[in-house]
file model-v1.cif (mmCIF, C-alpha atoms)
data_work
loop_
_atom_site.label_atom_id
_atom_site.label_comp_id
_atom_site.auth_asym_id
_atom_site.auth_seq_id
_atom_site.Cartn_x
_atom_site.Cartn_y
_atom_site.Cartn_z
CA PRO N 1 -22.16 8.39 3.58
CA GLY N 2 -25.00 8.11 1.09
CA HIS N 3 -22.79 6.73 -1.69
CA SER N 4 -22.25 3.19 -2.93
CA VAL N 5 -19.17 1.04 -3.45
CA ILE N 6 -19.13 -1.08 -6.61
CA ILE N 7 -16.34 -3.62 -7.11
CA THR N 8 -16.13 -5.61 -10.35
CA GLY N 9 -13.73 -8.42 -11.16
CA ASN N 10 -11.61 -9.91 -8.41
CA GLN N 11 -13.25 -8.89 -5.13
CA GLY N 12 -10.19 -10.14 -3.25
CA GLN N 13 -8.06 -7.37 -4.76
CA VAL N 14 -9.57 -4.90 -2.30
CA ALA N 15 -8.37 -5.37 1.27
CA GLY N 16 -10.10 -3.75 4.22
CA SER N 17 -13.63 -2.39 4.38
CA LYS N 18 -15.70 -2.35 1.19
CA THR N 19 -18.76 -0.64 2.68
CA PRO N 20 -19.68 3.05 2.52
CA ALA N 21 -18.77 5.13 5.55
CA PHE N 22 -21.39 5.56 8.26
CA ILE N 23 -20.17 9.03 9.19
CA VAL N 24 -18.25 11.77 7.44
CA LEU N 25 -14.55 11.23 8.05
CA ALA N 26 -12.39 14.08 9.30
CA CYS N 27 -10.55 15.35 6.22
CA GLU N 28 -8.29 18.34 5.82
CA GLU N 29 -10.14 19.93 2.92
CA GLN N 30 -8.44 22.93 1.40
CA SER N 31 -9.50 25.31 -1.35
CA VAL N 32 -7.79 24.50 -4.64
CA ALA N 33 -8.27 28.15 -5.60
CA ALA N 34 -6.17 29.12 -2.58
CA TRP N 35 -3.52 26.58 -3.58
CA ALA N 36 -3.43 28.00 -7.13
CA SER N 37 -3.27 31.59 -5.99
CA TYR N 38 -0.42 30.89 -3.61
CA ALA N 39 1.54 28.82 -6.14
CA GLN N 40 1.33 31.48 -8.82
CA SER N 41 3.12 34.03 -6.66
CA ASN N 42 5.23 31.75 -4.46
CA ASN N 43 6.66 29.03 -6.67
CA SER N 44 10.04 27.47 -7.27
CA ASN N 45 9.59 26.95 -11.01
CA SER N 46 13.06 28.33 -11.70
CA ALA N 47 14.46 25.15 -10.12
CA ILE N 48 12.89 22.97 -12.83
CA PRO N 49 15.42 22.11 -15.57
CA SER N 50 14.34 23.86 -18.76
CA GLN N 51 14.01 20.62 -20.76
CA TYR N 52 11.14 19.56 -18.50
CA LEU N 53 9.11 22.81 -18.42
CA ASN N 54 8.08 24.42 -21.71
CA GLY N 55 6.94 27.96 -22.42
CA ASN N 56 3.31 27.01 -21.85
CA GLY N 57 4.04 25.87 -18.31
CA GLN N 58 3.69 22.17 -19.11
CA PHE N 59 5.87 19.89 -16.99
CA THR N 60 6.83 16.74 -18.92
CA VAL N 61 9.39 14.01 -18.32
CA ASN N 62 9.55 11.39 -21.07
CA GLY N 63 11.46 8.23 -21.89
CA ASN N 64 14.30 7.13 -19.66
CA LYS N 65 14.93 10.62 -18.27
CA THR N 66 15.28 11.45 -14.57
CA CYS N 67 14.21 14.82 -13.18
CA THR N 68 15.49 15.72 -9.71
CA LEU N 69 13.81 18.58 -7.88
CA PRO N 70 14.56 20.34 -4.58
CA ALA N 71 11.92 21.10 -1.98
CA GLY N 72 9.44 23.73 -3.08
CA THR N 73 6.05 24.56 -4.57
CA TYR N 74 5.70 24.38 -8.34
CA ALA N 75 2.87 25.83 -10.45
CA VAL N 76 2.40 24.11 -13.82
CA ALA N 77 -0.23 23.91 -16.56
CA SER N 78 0.00 20.12 -16.80
CA PHE N 79 1.99 17.33 -15.18
CA THR N 80 3.11 14.36 -17.29
CA LEU N 81 5.50 11.51 -16.58
CA ASN N 82 5.78 8.94 -19.36
CA GLY N 83 7.52 5.69 -20.30
CA ASN N 84 10.23 4.83 -17.74
CA ALA N 85 10.56 8.43 -16.58
CA LYS N 86 11.68 9.03 -13.01
CA LEU N 87 10.94 11.91 -10.66
CA VAL N 88 13.22 12.26 -7.64
CA VAL N 89 12.55 14.84 -4.93
CA THR N 90 15.16 15.85 -2.37
CA GLY N 91 12.65 17.45 0.01
CA PRO N 92 8.91 18.15 0.32
CA VAL N 93 7.56 19.06 -3.13
CA VAL N 94 4.09 20.33 -4.04
CA PHE N 95 2.90 20.56 -7.64
CA VAL N 96 -0.17 22.73 -8.20
CA VAL N 97 -1.52 21.73 -11.61
CA SER N 98 -4.14 23.69 -13.56
CA GLY N 99 -4.66 20.96 -16.18
CA VAL N 100 -4.32 17.21 -16.62
CA ILE N 101 -2.12 15.02 -14.44
CA THR N 102 -0.79 11.85 -16.08
CA LEU N 103 1.68 9.26 -14.83
CA ASN N 104 1.93 6.50 -17.39
CA GLY N 105 4.05 3.44 -18.19
CA ASN N 106 6.69 2.16 -15.76
CA VAL N 107 7.12 5.57 -14.19
CA LYS N 108 8.83 5.95 -10.82
CA ALA N 109 7.76 9.04 -8.89
CA ASN N 110 9.27 9.50 -5.41
CA GLU N 111 9.41 5.70 -5.41
CA ASN N 112 11.49 5.31 -2.25
CA GLY N 113 10.38 8.45 -0.43
CA GLU N 114 7.57 9.26 1.97
CA PRO N 115 4.20 10.19 0.43
CA GLN N 116 4.19 13.62 2.08
CA ASN N 117 7.30 14.52 0.08
CA LEU N 118 5.34 14.56 -3.19
CA VAL N 119 1.95 16.24 -3.24
CA LEU N 120 0.01 16.64 -6.50
CA VAL N 121 -2.77 19.23 -6.27
CA SER N 122 -5.23 19.38 -9.16
CA ALA N 123 -6.73 22.87 -9.33
CA SER N 124 -9.21 21.95 -12.07
CA ALA N 125 -11.75 19.33 -13.15
CA MET N 126 -9.32 17.85 -15.68
CA PRO N 127 -8.63 14.11 -15.27
CA VAL N 128 -5.93 12.64 -13.06
CA THR N 129 -4.64 9.34 -14.46
CA LEU N 130 -2.15 6.94 -12.87
CA ASN N 131 -1.38 4.09 -15.23
CA GLY N 132 0.48 0.85 -16.02
CA GLY N 133 3.64 -0.07 -14.15
CA LEU N 134 3.73 3.05 -12.00
CA LYS N 135 5.54 2.94 -8.66
CA THR N 136 5.00 5.98 -6.49
CA SER N 137 4.71 7.45 -3.02
CA VAL N 138 2.40 10.44 -3.33
CA LYS N 139 -0.51 12.40 -1.96
CA VAL N 140 -3.03 13.27 -4.67
CA TYR N 141 -5.47 16.06 -3.86
CA ALA N 142 -8.02 16.49 -6.67
CA PRO N 143 -11.42 17.34 -5.13
CA LEU N 144 -12.81 18.62 -8.45
CA ALA N 145 -11.38 15.98 -10.76
CA PRO N 146 -11.99 12.32 -11.68
CA VAL N 147 -9.08 10.12 -10.60
CA SER N 148 -8.35 6.76 -12.22
CA LEU N 149 -5.83 4.10 -11.20
CA ASN N 150 -5.18 1.52 -13.90
CA GLY N 151 -2.95 -1.41 -14.77
CA ASN N 152 -0.17 -3.05 -12.85
CA MET N 153 0.77 -0.26 -10.46
CA THR N 154 1.85 0.16 -6.85
CA GLY N 155 1.25 3.30 -4.83
CA TYR N 156 1.58 4.57 -1.28
CA GLY N 157 -0.09 7.58 0.27
CA SER N 158 -3.55 9.07 -0.22
CA VAL N 159 -5.86 9.85 -3.12
CA TRP N 160 -8.65 12.43 -2.90
CA GLY N 161 -10.78 12.88 -6.01
CA ARG N 162 -14.27 13.87 -7.04
CA THR N 163 -14.59 10.30 -8.29
CA LEU N 164 -12.18 7.39 -8.02
CA SER N 165 -11.93 4.33 -10.27
CA ALA N 166 -9.43 1.48 -10.17
CA SER N 167 -8.96 -1.36 -12.65
CA GLY N 168 -6.34 -4.01 -13.29
CA SER N 169 -3.75 -5.09 -10.72
CA VAL N 170 -3.73 -1.93 -8.63
CA VAL N 171 -2.08 -2.08 -5.22
CA TRP N 172 -2.46 1.04 -3.09
CA ASN N 173 -1.51 1.34 0.57
CA ARG N 174 -1.88 4.23 2.98
CA VAL N 175 1.67 3.81 4.22
CA LYS N 176 4.92 2.19 3.22
CA ASP N 177 4.90 -0.92 5.35
CA GLY N 178 8.26 -2.35 6.35
CA LEU N 179 6.93 -4.11 9.43
CA ALA N 180 6.26 -7.84 9.44
CA PRO N 181 3.23 -9.23 11.29
CA GLN N 182 3.74 -10.44 14.85
CA MET N 183 3.12 -14.16 15.25
CA ILE N 184 3.49 -16.64 18.09
CA ILE N 185 2.66 -20.31 18.57
CA THR N 186 1.13 -20.53 22.04
CA GLU N 187 0.16 -24.20 21.89
CA PRO N 188 2.08 -26.39 22.07
CA PRO N 189 4.77 -24.21 23.68
CA ASN N 190 8.35 -24.80 22.63
CA GLY N 191 9.92 -27.68 24.55
CA ALA N 192 6.58 -29.08 25.74
CA THR N 193 5.95 -32.74 26.33
CA SER N 194 2.60 -34.49 25.95
CA SER N 195 1.29 -37.90 26.89
CA ASP N 196 -1.63 -37.35 24.49
CA SER N 197 -0.92 -38.32 20.89
CA SER N 198 -3.27 -35.59 19.60
CA VAL N 199 -2.03 -32.10 20.40
CA GLN N 200 -3.85 -28.76 20.54
CA VAL N 201 -2.58 -26.13 18.07
CA ARG N 202 -3.04 -22.44 18.76
CA ILE N 203 -1.36 -19.65 16.76
CA SER N 204 -1.86 -15.92 17.33
CA TYR N 205 -0.91 -13.13 14.91
CA GLN N 206 -1.49 -9.46 14.21
CA ASP N 207 -0.09 -6.67 12.07
CA PRO N 208 0.94 -3.30 13.55
CA PRO N 209 -1.95 -0.77 13.51
CA VAL N 210 -0.40 1.44 10.81
CA ALA N 211 0.57 -1.47 8.55
CA THR N 212 -1.19 -3.01 5.55
CA GLY N 213 -2.83 -5.91 7.36
CA VAL N 214 -2.46 -9.67 7.62
CA ASN N 215 -2.94 -11.60 4.38
CA LEU N 216 -4.72 -14.76 5.57
CA ALA N 217 -4.25 -16.42 2.17
CA SER N 218 -0.50 -16.48 2.87
CA LEU N 219 -0.80 -18.52 6.08
CA HIS N 220 0.96 -21.88 5.92
CA VAL N 221 1.20 -24.18 8.92
CA THR N 222 3.21 -27.39 8.72
CA LEU N 223 3.72 -30.26 11.14
CA ASP N 224 6.90 -32.23 10.52
CA GLY N 225 6.97 -30.68 7.05
CA GLN N 226 3.39 -31.62 6.14
CA GLU N 227 0.83 -28.90 5.45
CA ILE N 228 -1.99 -28.83 8.02
CA THR N 229 -3.42 -25.33 7.40
CA GLY N 230 -6.63 -26.75 5.93
CA SER N 231 -7.41 -28.62 9.14
CA LEU N 232 -7.28 -25.44 11.26
CA SER N 233 -9.92 -22.87 12.04
CA VAL N 234 -8.47 -19.60 10.70
CA THR N 235 -9.62 -16.13 11.83
CA PRO N 236 -8.15 -12.63 11.29
CA THR N 237 -6.28 -12.92 14.62
CA GLY N 238 -5.34 -16.58 14.91
CA ALA N 239 -5.60 -20.22 13.92
CA THR N 240 -6.59 -23.17 16.13
CA GLY N 241 -7.08 -26.88 15.76
CA GLN N 242 -6.14 -30.37 16.87
CA THR N 243 -3.53 -32.60 15.30
CA GLN N 244 -4.17 -36.17 14.29
CA ALA N 245 -2.64 -38.89 16.45
CA LEU N 246 1.14 -38.51 16.44
CA SER N 247 3.82 -41.10 16.98
CA ASP N 248 6.01 -40.95 20.06
CA GLY N 249 9.04 -38.72 19.68
CA GLU N 250 9.94 -35.15 18.75
CA HIS N 251 7.79 -33.08 16.38
CA VAL N 252 8.18 -29.65 14.78
CA LEU N 253 5.31 -27.20 14.18
CA GLN N 254 6.03 -24.25 11.89
CA ALA N 255 3.94 -21.30 10.72
CA VAL N 256 4.58 -18.67 8.03
CA LEU N 257 2.44 -15.58 7.39
CA SER N 258 2.78 -12.39 5.33
CA ASP N 259 1.08 -9.01 5.24
CA TYR N 260 -0.23 -7.39 2.07
CA GLU N 261 3.16 -5.76 1.51
CA GLY N 262 4.86 -9.16 1.50
CA ASN N 263 6.63 -8.76 4.85
CA GLN N 264 6.87 -12.25 6.30
CA ALA N 265 6.66 -13.59 9.85
CA GLN N 266 7.71 -17.07 10.94
CA ALA N 267 7.24 -19.07 14.13
CA GLN N 268 8.35 -22.53 15.17
CA THR N 269 7.97 -24.79 18.16
CA THR N 270 9.40 -28.21 18.94
CA PHE N 271 7.53 -30.60 21.25
CA THR N 272 7.67 -34.26 22.26
CA VAL N 273 4.94 -36.90 22.41
CA TRP N 274 5.57 -39.87 24.70
#

call {"tool": "encode", "arguments": {"input": "model-v1.cif", "output": "structure tokens"}}
result
Amino acid sequence: PGHSVIITGNQGQVAGSKTPAFIVLACEEQSVAAWASYAQSNNSNSAIPSQYLNGNGQFTVNGNKTCTLPAGTYAVASFTLNGNAKLVVTGPVVFVVSGVITLNGNVKANENGEPQNLVLVSASAMPVTLNGGLKTSVKVYAPLAPVSLNGNMTGYGSVWGRTLSASGSVVWNRVKDGLAPQMIITEPPNGATSSDSSVQVRISYQDPPVATGVNLASLHVTLDGQEITGSLSVTPTGATGQTQALSDGEHVLQAVLSDYEGNQAQAQTTFTVW
């Protein structure tokens, strides 16, 4: 509350609400000083392969290298993944970082895992940068630091920063969404017959509450193979309309719709005009 939201470029890149909050959201704020203190005395740094952690406490994975880490808390001076590097975690991992955090250039960090299995805690005001080609599932907690998301990247999880900027083709979702939208053609019902040559069309759809949401731009409705989407009234929950006069005989109405993750739903009904 009390802040503004400024979106430049393609407004359609941002799905969901674009307005400032009306009330303070319930957030699990934690002291980064407490995180740092705990990590200094209770860390699993010995599990980091020596080629990825230098004598200054800087964690770096470069090139086409893959670093695999077991569950644990790690305290490092900086966190850097560069150029096709991959970070794999075999259990819940927390990095408490006292300096910069950088993920840059076709990096894969916990790509196929759950966001809660990779938590990056920034204990300073140093920048957090997630760049070009990154694919990650992560929770970023950086209440003192500026966070920037740039380039052609895909992320899942949460980002908490003092400031947040995003540019380029950034796609960020709260959850990994493997659920397709639910869609049904209610009119005409499958197997229906009609003596009227013009038939009512009614399609209902929704995405599960925890999913990424219905992408209305992906809706395609065809009648006997011909696109009729433009003739329908489309809302976030359904599409309605009336067909033109149809010839006697059997007709097929089909609808296809995706969510913002690309999961696709299809529906079809066959009806007869006589």

call {"tool": "resolve_selection", "arguments": {"input": "model-v1.cif", "expression": "the PyMOL selection byres ((chain N and resi 93) around 8)", "output": "PyMOL selection string"}}
result
chain N and resi 69-74+89+91-92+94-95+117-119

call {"tool": "residues_near_point", "arguments": {"input": "model-v1.cif", "point": "(1.0, -38.6, 23.9)", "cutoff": "12 Å", "atoms": "all atoms listed in the file", "output": "list in words"}}
result
Ala192, Thr193, Ser194, Ser195, Asp196, Ser197, Ser198, Val199, Gln200, Thr243, Gln244, Ala245, Leu246, Ser247, Asp248, Gly249, Glu250, His251, Phe271, Thr272, Val273 and Trp274 of chain N

call {"tool": "atom_distance", "arguments": {"input": "model-v1.cif", "atom1": "CA of Val256 (chain N)", "atom2": "CA of Thr222 (chain N)"}}
result
8.9 Å

call {"tool": "atom_distance", "arguments": {"input": "model-v1.cif", "atom1": "CA of Ile101 (chain N)", "atom2": "CA of Ser78 (chain N)"}}
result
6.0 Å

call {"tool": "closest_residue", "arguments": {"input": "model-v1.cif", "among": "N:Ala47, N:Val100, N:Ala217, N:Leu87", "to": "Lys65 (chain N)", "atoms": "all atoms listed in the file"}}
result
N:Leu87

call {"tool": "atom_distance", "arguments": {"input": "model-v1.cif", "atom1": "CA of Gly105 (chain N)", "atom2": "CA of Leu144 (chain N)"}}
result
24.7 Å

call {"tool": "closest_residue", "arguments": {"input": "model-v1.cif", "among": "N:Asn112, N:Ser50, N:Asn104, N:Ser37", "to": "Asn82 (chain N)", "atoms": "all atoms listed in the file"}}
result
N:Asn104

call {"tool": "resolve_selection", "arguments": {"input": "model-v1.cif", "expression": "the PyMOL selection byres ((chain N and resi 153) around 9)", "output": "compact mmCIF listing (two decimals) with C-alpha atoms, in the frame of the given file"}}
result
# COMPACT_ATOMS: atom_id res chain seq x y z
CA ASN N 106 6.69 2.16 -15.76
CA LEU N 130 -2.15 6.94 -12.87
CA ASN N 131 -1.38 4.09 -15.23
CA GLY N 132 0.48 0.85 -16.02
CA GLY N 133 3.64 -0.07 -14.15
CA LEU N 134 3.73 3.05 -12.00
CA LYS N 135 5.54 2.94 -8.66
CA THR N 136 5.00 5.98 -6.49
CA LEU N 149 -5.83 4.10 -11.20
CA ASN N 150 -5.18 1.52 -13.90
CA GLY N 151 -2.95 -1.41 -14.77
CA ASN N 152 -0.17 -3.05 -12.85
CA THR N 154 1.85 0.16 -6.85
CA GLY N 155 1.25 3.30 -4.83
CA GLY N 168 -6.34 -4.01 -13.29
CA SER N 169 -3.75 -5.09 -10.72
CA VAL N 170 -3.73 -1.93 -8.63
CA VAL N 171 -2.08 -2.08 -5.22
CA TRP N 172 -2.46 1.04 -3.09

call {"tool": "resolve_selection", "arguments": {"input": "model-v1.cif", "expression": "the PyMOL selection byres ((chain N and resi 80) around 7)", "output": "list of chain:residue names"}}
result
N:Phe59, N:Thr60, N:Val61, N:Ser78, N:Phe79, N:Leu81, N:Asn82, N:Ile101, N:Thr102, N:Leu103
